[in-house]
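**Student:** Just one file: input-v7.tsv, with TSV, C-alpha atoms and all ligand atoms.
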chain	number	residue	atom	x	y	z
A	1	MET	CA	96.29	153.73	107.09
A	2	LYS	CA	97.38	152.81	103.55
A	3	GLU	CA	96.22	149.38	102.38
A	4	VAL	CA	98.93	146.88	101.49
A	5	PRO	CA	98.50	145.98	97.78
A	6	MET	CA	97.62	142.49	96.60
A	7	ALA	CA	100.43	140.26	95.37
A	8	VAL	CA	98.21	137.43	94.15
A	9	GLU	CA	94.48	137.45	93.73
A	10	ALA	CA	92.48	134.48	92.44
A	11	SER	CA	88.72	134.94	92.25
A	12	GLY	CA	86.09	132.31	91.56
A	13	VAL	CA	88.63	129.95	89.99
A	14	CYS	CA	87.31	126.66	88.61
A	15	PHE	CA	89.58	124.13	86.96
A	16	THR	CA	88.65	120.75	85.50
A	17	TYR	CA	91.27	118.44	83.95
A	18	GLN	CA	90.60	117.20	80.45
A	19	GLU	CA	89.65	113.71	81.60
A	20	GLY	CA	86.95	115.18	83.84
A	21	THR	CA	88.38	115.64	87.37
A	22	GLN	CA	87.14	118.90	88.81
A	23	ALA	CA	90.24	119.92	90.77
A	24	LEU	CA	89.24	123.47	91.79
A	25	THR	CA	85.75	124.84	92.48
A	26	GLU	CA	85.08	128.56	93.02
A	27	VAL	CA	88.42	129.17	94.71
A	28	ASP	CA	89.08	132.63	96.11
A	29	PHE	CA	92.69	133.00	97.21
A	30	ARG	CA	94.24	136.34	98.08
A	31	VAL	CA	97.71	137.20	99.32
A	32	ARG	CA	98.97	140.67	100.11
A	33	VAL	CA	102.48	141.91	99.34
A	34	GLY	CA	104.87	140.75	102.09
A	35	GLU	CA	102.59	138.05	103.52
A	36	PHE	CA	103.60	134.46	104.30
A	37	VAL	CA	100.62	132.31	103.39
A	38	ALA	CA	100.22	128.54	103.41
A	39	MET	CA	97.81	126.35	101.45
A	40	LEU	CA	97.15	123.51	103.83
A	41	ALA	CA	95.44	120.40	102.52
A	42	SER	CA	95.62	116.64	102.39
A	43	ASN	CA	96.71	114.75	99.26
A	44	GLY	CA	94.72	115.33	96.10
A	45	SER	CA	92.95	118.46	97.39
A	46	GLY	CA	94.10	120.75	94.61
A	47	LYS	CA	97.21	122.49	95.99
A	48	THR	CA	99.43	121.79	92.98
A	49	THR	CA	96.60	122.59	90.58
A	50	LEU	CA	96.00	125.94	92.29
A	51	ILE	CA	99.73	126.75	92.18
A	52	LYS	CA	99.79	125.95	88.46
A	53	VAL	CA	96.80	128.22	87.91
A	54	LEU	CA	98.43	131.03	89.93
A	55	VAL	CA	101.58	130.96	87.80
A	56	GLY	CA	99.75	130.58	84.50
A	57	LEU	CA	100.78	126.98	83.74
A	58	LEU	CA	97.09	126.02	83.72
A	59	LYS	CA	94.31	128.25	82.48
A	60	PRO	CA	91.15	128.12	84.60
A	61	GLN	CA	87.88	127.48	82.79
A	62	LYS	CA	86.27	130.05	85.05
A	63	GLY	CA	87.51	132.88	87.27
A	64	GLN	CA	90.46	135.23	87.17
A	65	VAL	CA	93.99	135.51	88.49
A	66	ARG	CA	95.72	138.81	89.03
A	67	ILE	CA	99.39	139.15	89.88
A	68	ALA	CA	100.43	142.44	91.46
A	69	GLY	CA	97.22	143.96	90.15
A	70	HIS	CA	97.74	142.78	86.54
A	71	GLU	CA	95.57	140.26	84.77
A	72	LEU	CA	97.64	137.05	84.55
A	73	CYS	CA	96.68	136.20	80.99
A	74	GLY	CA	97.81	139.62	79.74
A	75	THR	CA	101.25	139.53	81.42
A	76	PRO	CA	104.17	138.58	79.12
A	77	PRO	CA	105.87	135.38	80.42
A	78	ARG	CA	109.27	137.07	80.78
A	79	GLU	CA	107.83	139.77	83.03
A	80	LEU	CA	105.79	137.21	84.93
A	81	TYR	CA	108.77	135.00	85.75
A	82	GLN	CA	110.73	137.97	87.04
A	83	ARG	CA	107.87	138.64	89.39
A	84	ILE	CA	107.02	135.11	90.47
A	85	GLY	CA	109.46	132.34	91.36
A	86	LEU	CA	108.02	128.84	91.37
A	87	VAL	CA	109.77	126.07	93.27
A	88	PHE	CA	108.50	122.62	92.24
A	89	GLN	CA	107.95	119.82	94.72
A	90	ASN	CA	110.53	117.63	93.02
A	91	PRO	CA	113.86	119.36	92.31
A	92	ASN	CA	114.37	116.96	89.37
A	93	ASP	CA	111.59	118.80	87.57
A	94	GLN	CA	113.56	122.01	87.91
A	95	LEU	CA	117.29	121.28	87.72
A	96	PHE	CA	118.74	120.45	84.33
A	97	ALA	CA	122.29	121.85	83.97
A	98	ALA	CA	125.41	119.79	84.67
A	99	THR	CA	126.73	121.83	87.57
A	100	VAL	CA	125.18	123.86	90.37
A	101	GLU	CA	126.77	127.07	89.12
A	102	GLU	CA	125.45	126.63	85.56
A	103	ASP	CA	122.01	125.82	86.80
A	104	VAL	CA	121.69	128.84	89.08
A	105	ALA	CA	123.17	131.13	86.41
A	106	PHE	CA	120.73	129.96	83.72
A	107	GLY	CA	117.85	132.32	84.61
A	108	PRO	CA	119.89	135.52	85.04
A	109	ARG	CA	121.82	134.73	81.81
A	110	ASN	CA	118.53	134.42	79.98
A	111	LEU	CA	117.68	137.94	81.10
A	112	ASP	CA	120.81	139.06	79.18
A	113	LEU	CA	122.34	140.50	82.32
A	114	PRO	CA	126.05	141.41	82.15
A	115	ASP	CA	128.45	138.69	83.41
A	116	PRO	CA	129.41	140.43	86.69
A	117	GLU	CA	125.71	140.79	87.58
A	118	VAL	CA	125.06	137.11	86.77
A	119	GLU	CA	128.05	136.18	88.93
A	120	ARG	CA	126.81	138.36	91.79
A	121	ARG	CA	123.31	136.87	91.64
A	122	VAL	CA	124.64	133.31	91.61
A	123	SER	CA	126.84	133.98	94.65
A	124	GLU	CA	124.07	135.72	96.56
A	125	ALA	CA	121.45	133.08	95.75
A	126	LEU	CA	123.73	130.20	96.75
A	127	GLU	CA	124.69	132.01	99.93
A	128	SER	CA	121.09	132.64	100.92
A	129	VAL	CA	120.31	128.90	100.77
A	130	ALA	CA	123.60	128.03	102.50
A	131	ALA	CA	124.86	126.23	99.37
A	132	SER	CA	127.96	128.26	98.43
A	133	ASP	CA	130.11	125.18	99.02
A	134	LEU	CA	128.11	123.24	96.41
A	135	ARG	CA	128.84	125.73	93.61
A	136	HIS	CA	131.15	123.51	91.54
A	137	ARG	CA	129.45	120.21	92.27
A	138	ALA	CA	127.68	118.09	89.66
A	139	ILE	CA	123.90	118.31	90.06
A	140	HIS	CA	123.44	114.53	89.84
A	141	HIS	CA	125.85	113.97	92.75
A	142	LEU	CA	123.84	116.12	95.16
A	143	SER	CA	121.64	114.68	97.90
A	144	PHE	CA	117.89	115.32	97.66
A	145	GLY	CA	118.01	118.06	100.31
A	146	GLU	CA	120.93	119.75	98.56
A	147	GLN	CA	119.07	119.57	95.24
A	148	LYS	CA	116.07	121.27	96.86
A	149	ARG	CA	118.21	124.14	98.09
A	150	VAL	CA	119.96	124.53	94.73
A	151	ALA	CA	116.60	124.54	92.90
A	152	MET	CA	115.54	127.34	95.21
A	153	ALA	CA	118.78	129.25	94.56
A	154	GLY	CA	118.00	129.09	90.82
A	155	VAL	CA	114.66	130.72	91.49
A	156	LEU	CA	116.06	133.31	93.91
A	157	ALA	CA	118.69	134.34	91.36
A	158	MET	CA	115.79	135.78	89.32
A	159	LYS	CA	115.02	138.06	92.29
A	160	PRO	CA	111.29	137.31	92.37
A	161	ALA	CA	108.99	139.48	94.46
A	162	ILE	CA	106.73	136.47	95.04
A	163	LEU	CA	107.96	132.98	95.85
A	164	ILE	CA	105.53	130.08	95.39
A	165	LEU	CA	106.65	126.69	96.66
A	166	ASP	CA	104.97	123.32	96.23
A	167	GLU	CA	105.68	121.29	99.39
A	168	PRO	CA	109.14	122.75	100.03
A	169	THR	CA	109.79	120.44	102.98
A	170	SER	CA	108.70	117.13	101.45
A	171	GLY	CA	111.47	114.55	101.43
A	172	LEU	CA	113.58	116.51	103.93
A	173	ASP	CA	114.63	115.20	107.34
A	174	PRO	CA	113.37	117.07	110.46
A	175	ALA	CA	116.45	119.30	110.62
A	176	GLY	CA	116.13	120.00	106.87
A	177	GLU	CA	112.44	120.85	107.30
A	178	GLU	CA	113.23	123.39	109.96
A	179	THR	CA	116.15	124.88	108.01
A	180	MET	CA	113.88	125.29	104.97
A	181	MET	CA	111.10	126.97	106.97
A	182	ARG	CA	113.58	129.31	108.68
A	183	LEU	CA	115.09	130.20	105.32
A	184	LEU	CA	111.65	131.03	103.90
A	185	ASN	CA	110.89	133.05	107.01
A	186	ARG	CA	114.12	135.01	106.55
A	187	LEU	CA	113.45	135.71	102.87
A	188	ASN	CA	109.98	136.90	103.83
A	189	ARG	CA	110.84	139.01	106.87
A	190	GLN	CA	114.23	140.39	105.80
A	191	GLN	CA	113.88	140.71	102.03
A	192	GLY	CA	110.15	141.34	101.94
A	193	ILE	CA	109.53	138.47	99.49
A	194	THR	CA	105.90	137.34	99.49
A	195	VAL	CA	105.87	133.62	100.29
A	196	ILE	CA	103.10	131.20	99.30
A	197	LEU	CA	103.57	127.54	100.03
A	198	ALA	CA	101.59	124.35	99.71
A	199	THR	CA	101.95	121.82	102.48
A	200	HIS	CA	100.16	119.18	104.49
A	201	LEU	CA	102.46	119.56	107.50
A	202	VAL	CA	100.68	121.32	110.32
A	203	ASP	CA	103.31	121.41	113.05
A	204	MET	CA	105.49	124.23	111.84
A	205	LEU	CA	102.88	126.47	110.26
A	206	PRO	CA	101.79	128.35	113.41
A	207	LEU	CA	105.38	129.55	113.80
A	208	PHE	CA	105.74	130.86	110.29
A	209	ALA	CA	102.49	131.48	108.43
A	210	ASP	CA	100.67	134.80	108.71
A	211	ARG	CA	97.59	133.14	107.25
A	212	ILE	CA	96.51	129.68	106.23
A	213	TYR	CA	94.07	128.55	103.52
A	214	VAL	CA	92.60	125.11	104.11
A	215	LEU	CA	91.57	123.33	100.91
A	216	ASN	CA	89.47	120.23	100.59
A	217	ARG	CA	88.43	118.57	97.34
A	218	GLY	CA	89.28	121.69	95.43
A	219	ARG	CA	87.36	124.10	97.66
A	220	VAL	CA	88.54	126.60	100.27
A	221	LEU	CA	87.11	125.34	103.57
A	222	SER	CA	88.56	128.06	105.77
A	223	HIS	CA	91.20	130.77	105.83
A	224	GLY	CA	92.73	133.02	108.43
A	225	PRO	CA	95.51	133.14	111.02
A	226	ALA	CA	96.65	129.86	112.63
A	227	GLU	CA	94.58	130.49	115.78
A	228	LYS	CA	91.40	130.69	113.74
A	229	VAL	CA	92.09	127.73	111.46
A	230	PHE	CA	93.34	125.38	114.19
A	231	GLY	CA	90.52	126.46	116.50
A	232	ASP	CA	87.98	124.73	114.24
A	233	TYR	CA	88.41	120.97	114.87
A	234	ASP	CA	85.36	119.92	112.83
A	235	MET	CA	86.62	121.77	109.80
A	236	LEU	CA	90.12	120.28	110.17
A	237	ASP	CA	88.59	116.83	110.47
A	238	ARG	CA	86.54	117.34	107.32
A	239	ALA	CA	89.74	118.38	105.53
A	240	GLY	CA	91.51	115.21	106.71
A	241	LEU	CA	93.95	117.29	108.75
A	242	ARG	CA	94.94	117.34	112.41
A	243	LEU	CA	96.06	119.86	115.02
A	244	PRO	CA	99.78	120.39	115.60
A	245	TYR	CA	100.99	117.61	117.97
A	246	ILE	CA	101.77	120.05	120.77
A	247	SER	CA	98.22	121.42	120.58
A	248	THR	CA	96.74	117.91	120.61
A	249	LEU	CA	98.66	117.11	123.80
A	250	LEU	CA	97.52	120.25	125.57
A	251	HIS	CA	93.98	119.91	124.26
A	252	GLU	CA	93.80	116.39	125.75
A	253	MET	CA	95.35	117.49	129.07
A	254	LYS	CA	92.65	120.14	129.30
A	255	ARG	CA	89.79	117.88	128.22
A	256	TYR	CA	90.60	114.61	130.01
A	257	ASP	CA	92.74	115.73	132.96
A	258	GLY	CA	91.12	119.08	133.68
A	259	VAL	CA	94.42	120.96	133.46
A	260	PRO	CA	93.34	124.63	133.35
A	261	ILE	CA	95.24	125.74	130.26
A	262	ASN	CA	94.25	129.07	128.75
A	263	GLY	CA	93.43	129.00	125.05
A	264	LEU	CA	94.99	126.45	122.75
A	265	PRO	CA	98.77	126.81	122.42
A	266	LEU	CA	99.91	126.09	118.87
A	267	THR	CA	103.68	126.13	119.29
A	268	VAL	CA	106.10	124.54	121.76
A	269	GLY	CA	107.04	128.01	123.02
A	270	GLU	CA	103.42	128.96	123.74
A	271	ALA	CA	102.73	125.60	125.37
A	272	ARG	CA	105.77	125.94	127.62
A	273	LYS	CA	104.65	129.42	128.68
A	274	ARG	CA	101.11	128.23	129.53
A	275	LEU	CA	102.34	125.20	131.48
A	276	MET	CA	104.93	127.24	133.38
A	277	GLU	CA	102.13	129.57	134.49
A	278	LEU	CA	100.53	126.59	136.23
A	279	ILE	CA	103.64	125.48	138.13
A	280	PRO	CA	104.16	127.13	141.54
A	281	GLU	CA	107.18	129.42	141.47
A	282	GLU	CA	108.93	127.67	144.40
A	283	LEU	CA	109.00	124.43	142.46
A	284	ILE	CA	110.64	126.04	139.47
A	285	VAL	CA	113.31	127.63	141.67
A	286	LYS	CA	113.96	124.30	143.42
A	287	ARG	CA	114.37	122.53	140.13
A	288	ILE	CA	116.86	125.06	138.88
A	289	GLU	CA	118.83	124.74	142.14
A	290	ARG	CA	119.03	120.98	141.71
A	291	ILE	CA	120.57	121.21	138.20
B	301	LIG	N1	97.25	116.00	85.02
B	301	LIG	C1	96.14	115.61	85.63
B	301	LIG	N2	95.14	115.03	84.96
B	301	LIG	C2	94.01	114.63	85.55
B	301	LIG	N3	93.75	114.81	86.88
B	301	LIG	C3	94.69	115.39	87.61
B	301	LIG	C4	95.94	115.83	87.03
B	301	LIG	N4	96.70	116.37	88.02
B	301	LIG	C5	95.95	116.28	89.15
B	301	LIG	N5	94.77	115.71	88.91
B	301	LIG	C6	93.67	115.47	89.90
B	301	LIG	O1	93.27	116.71	90.43
B	301	LIG	C7	93.04	116.61	91.83
B	301	LIG	C8	93.93	117.59	92.58
B	301	LIG	O2	95.27	117.20	92.39
B	301	LIG	P1	96.50	118.06	92.90
B	301	LIG	O3	97.75	117.43	92.37
B	301	LIG	O4	96.26	119.49	92.58
B	301	LIG	O5	96.40	117.85	94.49
B	301	LIG	P2	97.46	118.17	95.65
B	301	LIG	O6	96.69	118.81	96.76
B	301	LIG	O7	98.62	118.90	95.09
B	301	LIG	O8	97.88	116.69	96.11
B	301	LIG	P3	99.28	116.16	96.73
B	301	LIG	O9	99.31	116.55	98.17
B	301	LIG	O10	99.18	114.68	96.56
B	301	LIG	O11	100.41	116.76	95.93
B	301	LIG	C9	93.28	115.16	92.20
B	301	LIG	O12	92.05	114.50	92.22
B	301	LIG	C10	94.15	114.64	91.06
B	301	LIG	O13	93.93	113.26	90.83
B	302	MG	MG	100.65	118.44	94.97
For this file, write the structure as structure tokens.
**Tutor:**
Amino acid sequence: MKEVPMAVEASGVCFTYQEGTQALTEVDFRVRVGEFVAMLASNGSGKTTLIKVLVGLLKPQKGQVRIAGHELCGTPPRELYQRIGLVFQNPNDQLFAATVEEDVAFGPRNLDLPDPEVERRVSEALESVAASDLRHRAIHHLSFGEQKRVAMAGVLAMKPAILILDEPTSGLDPAGEETMMRLLNRLNRQQGITVILATHLVDMLPLFADRIYVLNRGRVLSHGPAEKVFGDYDMLDRAGLRLPYISTLLHEMKRYDGVPINGLPLTVGEARKRLMELIPEELIVKRIERI
């Protein structure tokens, strides 16, 4: 079978800020083309620093970063930003034009694309974040959640192959969080965009992430699929993280009440399936009849 090529490859990365904080220590972080990978860590663990190193905003004192097989420091910025789209945590750091349309058009215009192509990209990008109706609105009148989606449209209009997002769900309400994660999932699964995101939210990751990197104090503590990462309680504890709530509930039912649940369900869907397996069929039928 042919190996899927690497989209992003950081090896042995060390980064220390000028005033002396060592933010990253010997970080190895690899993402293949088409993967959906999360950096999961508590505050101050180095997520934003690693993202900045991956996109070339910070230069590591030690180690290397390769993007799509090319050495990061040798890639011209213009080429790099067509390949990688970075979505900042705070949309205010990203949005600067007066209107939504101008802001989203800025990147494609800078590529000297013809007007009809710019127009097409703006429409498509706004549509993909469900923000077509915001097109003529003033940026400073938008709600925080709307600003986040528009900032993402601006990045998508550059048609990046790799999307890197710093806490894309922070500041969003629960419905907004889910909409954002579903949108990222769609971009990944339908358009093949490689998605890398930093987060400290554990509950939605098992549904969306192919792999998770857990960082703590600038080091990678663990990486792998959700089942592996969330199966290691001691490691999660050391990282200042917790299990998804649904897993905590089932874990406690198993441990304290002796409920014979197989494995550790990580999503509501899995938990429902496991619990339903334990309920006698007649009871389920009766309940449905009563409704
Ligand atoms: N510009 C800076 N100068 C000095 N130290 C910094 C700077 N930015 C971050 N740090 C330090 O580097 C470490 C990692 O910070 P970083 O912002 O990468 O963490 P994070 O995981 O993104 O945290 P959060 O979840 O709060 O966003 C922290 O100890 C932080 O105080
Ligand atoms: Mg951060």
**Student:** To check your reading of the model: which residues sit at most 10 Å from ligand MG 302 (chain B) when counting only C-alpha atoms and all ligand atoms? Write the answer as a PyMOL selection string.
**Tutor:** chain A and resi 41-52+88-89+166-167+198-200
**Student:** For the selection just defined, write its residues with C-alpha atoms to a file, as a CSV table (one decimal), in the coordinates of the input.
**Tutor:**
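Result went into part.csv, see below:
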chain,number,residue,atom,x,y,z
A,41,ALA,CA,95.4,120.4,102.5
A,42,SER,CA,95.6,116.6,102.4
A,43,ASN,CA,96.7,114.8,99.3
A,44,GLY,CA,94.7,115.3,96.1
A,45,SER,CA,93.0,118.5,97.4
A,46,GLY,CA,94.1,120.8,94.6
A,47,LYS,CA,97.2,122.5,96.0
A,48,THR,CA,99.4,121.8,93.0
A,49,THR,CA,96.6,122.6,90.6
A,50,LEU,CA,96.0,125.9,92.3
A,51,ILE,CA,99.7,126.8,92.2
A,52,LYS,CA,99.8,126.0,88.5
A,88,PHE,CA,108.5,122.6,92.2
A,89,GLN,CA,108.0,119.8,94.7
A,166,ASP,CA,105.0,123.3,96.2
A,167,GLU,CA,105.7,121.3,99.4
A,198,ALA,CA,101.6,124.4,99.7
A,199,THR,CA,102.0,121.8,102.5
A,200,HIS,CA,100.2,119.2,104.5
**Student:** List as JSON lines every residue of segment 155-212 of chain A that is in contact with segment 6-10 of chain A, defined as an atom at most 10 Å from one of its atoms (using only C-alpha atoms), together with the nearest atom pair and the distance in Å rounded to one decimal, sorted by chain and then rising number.
**Tutor:**
{"residue": "A:Ala161", "atom": "CA", "partner": "A:Ala7", "partner_atom": "CA", "distance": 8.6}
{"residue": "A:Ile162", "atom": "CA", "partner": "A:Ala7", "partner_atom": "CA", "distance": 7.4}
{"residue": "A:Thr194", "atom": "CA", "partner": "A:Ala7", "partner_atom": "CA", "distance": 7.4}
{"residue": "A:Val195", "atom": "CA", "partner": "A:Ala7", "partner_atom": "CA", "distance": 9.9}
{"residue": "A:Ile196", "atom": "CA", "partner": "A:Val8", "partner_atom": "CA", "distance": 9.4}
**Student:** For Ala23 of chain A, work out the shell of residues within 6 Å, counting all atoms listed in the file and skipping chain neighbours fewer than 4 positions away, then give it as a ChimeraX atom specification.
**Tutor:** /A:15-16,46,218
**Student:** Which residue, A:Gly154, A:Pro225, A:Pro174, A:Pro76, has the smallest gap to Ser128 of chain A when you use only C-alpha atoms?
**Tutor:** A:Gly154
**Student:** What's the 9 Å shell around Leu156 of chain A, counting all atoms listed in the file, without same-chain residues fewer than 4 positions away, as a ChimeraX atom specification?
**Tutor:** /A:85,104,121-122,124-126,128,151-152,160,163
**Student:** By how many Å are atom CA of Leu205 of chain A and atom C8 of ligand LIG 301 (chain B) apart?
**Tutor:**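 A separation of 21.7 Å between them.
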**Student:** Counting all atoms listed in the file, what is within 10 Å of Phe230 of chain A, bar same-chain residues fewer than 5 positions away, as a list in words?
**Tutor:**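 Those residues are Val202, Pro206, Ile212, Gly224, Pro225, Met235, Leu236, Leu241, Arg242, Leu243, Pro244, Ser247, Leu264, Pro265 and Leu266 of chain A.
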**Student:** Enter the distance from atom CA of Gly258 of chain A to atom CA of Glu270 of chain A, in Å, rounded to one decimal.
**Tutor:**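 Taking atom CA of Gly258 of chain A and atom CA of Glu270 of chain A, their separation equals 18.6 Å.
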**Student:** Pick from A:Ala226, A:Ile84, A:Ile246, A:Leu24: nearest to ligand LIG 301 (chain B), with all atoms listed in the file counted?
**Tutor:**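 Among the listed residues, A:Leu24 lies closest to ligand LIG 301 (chain B).
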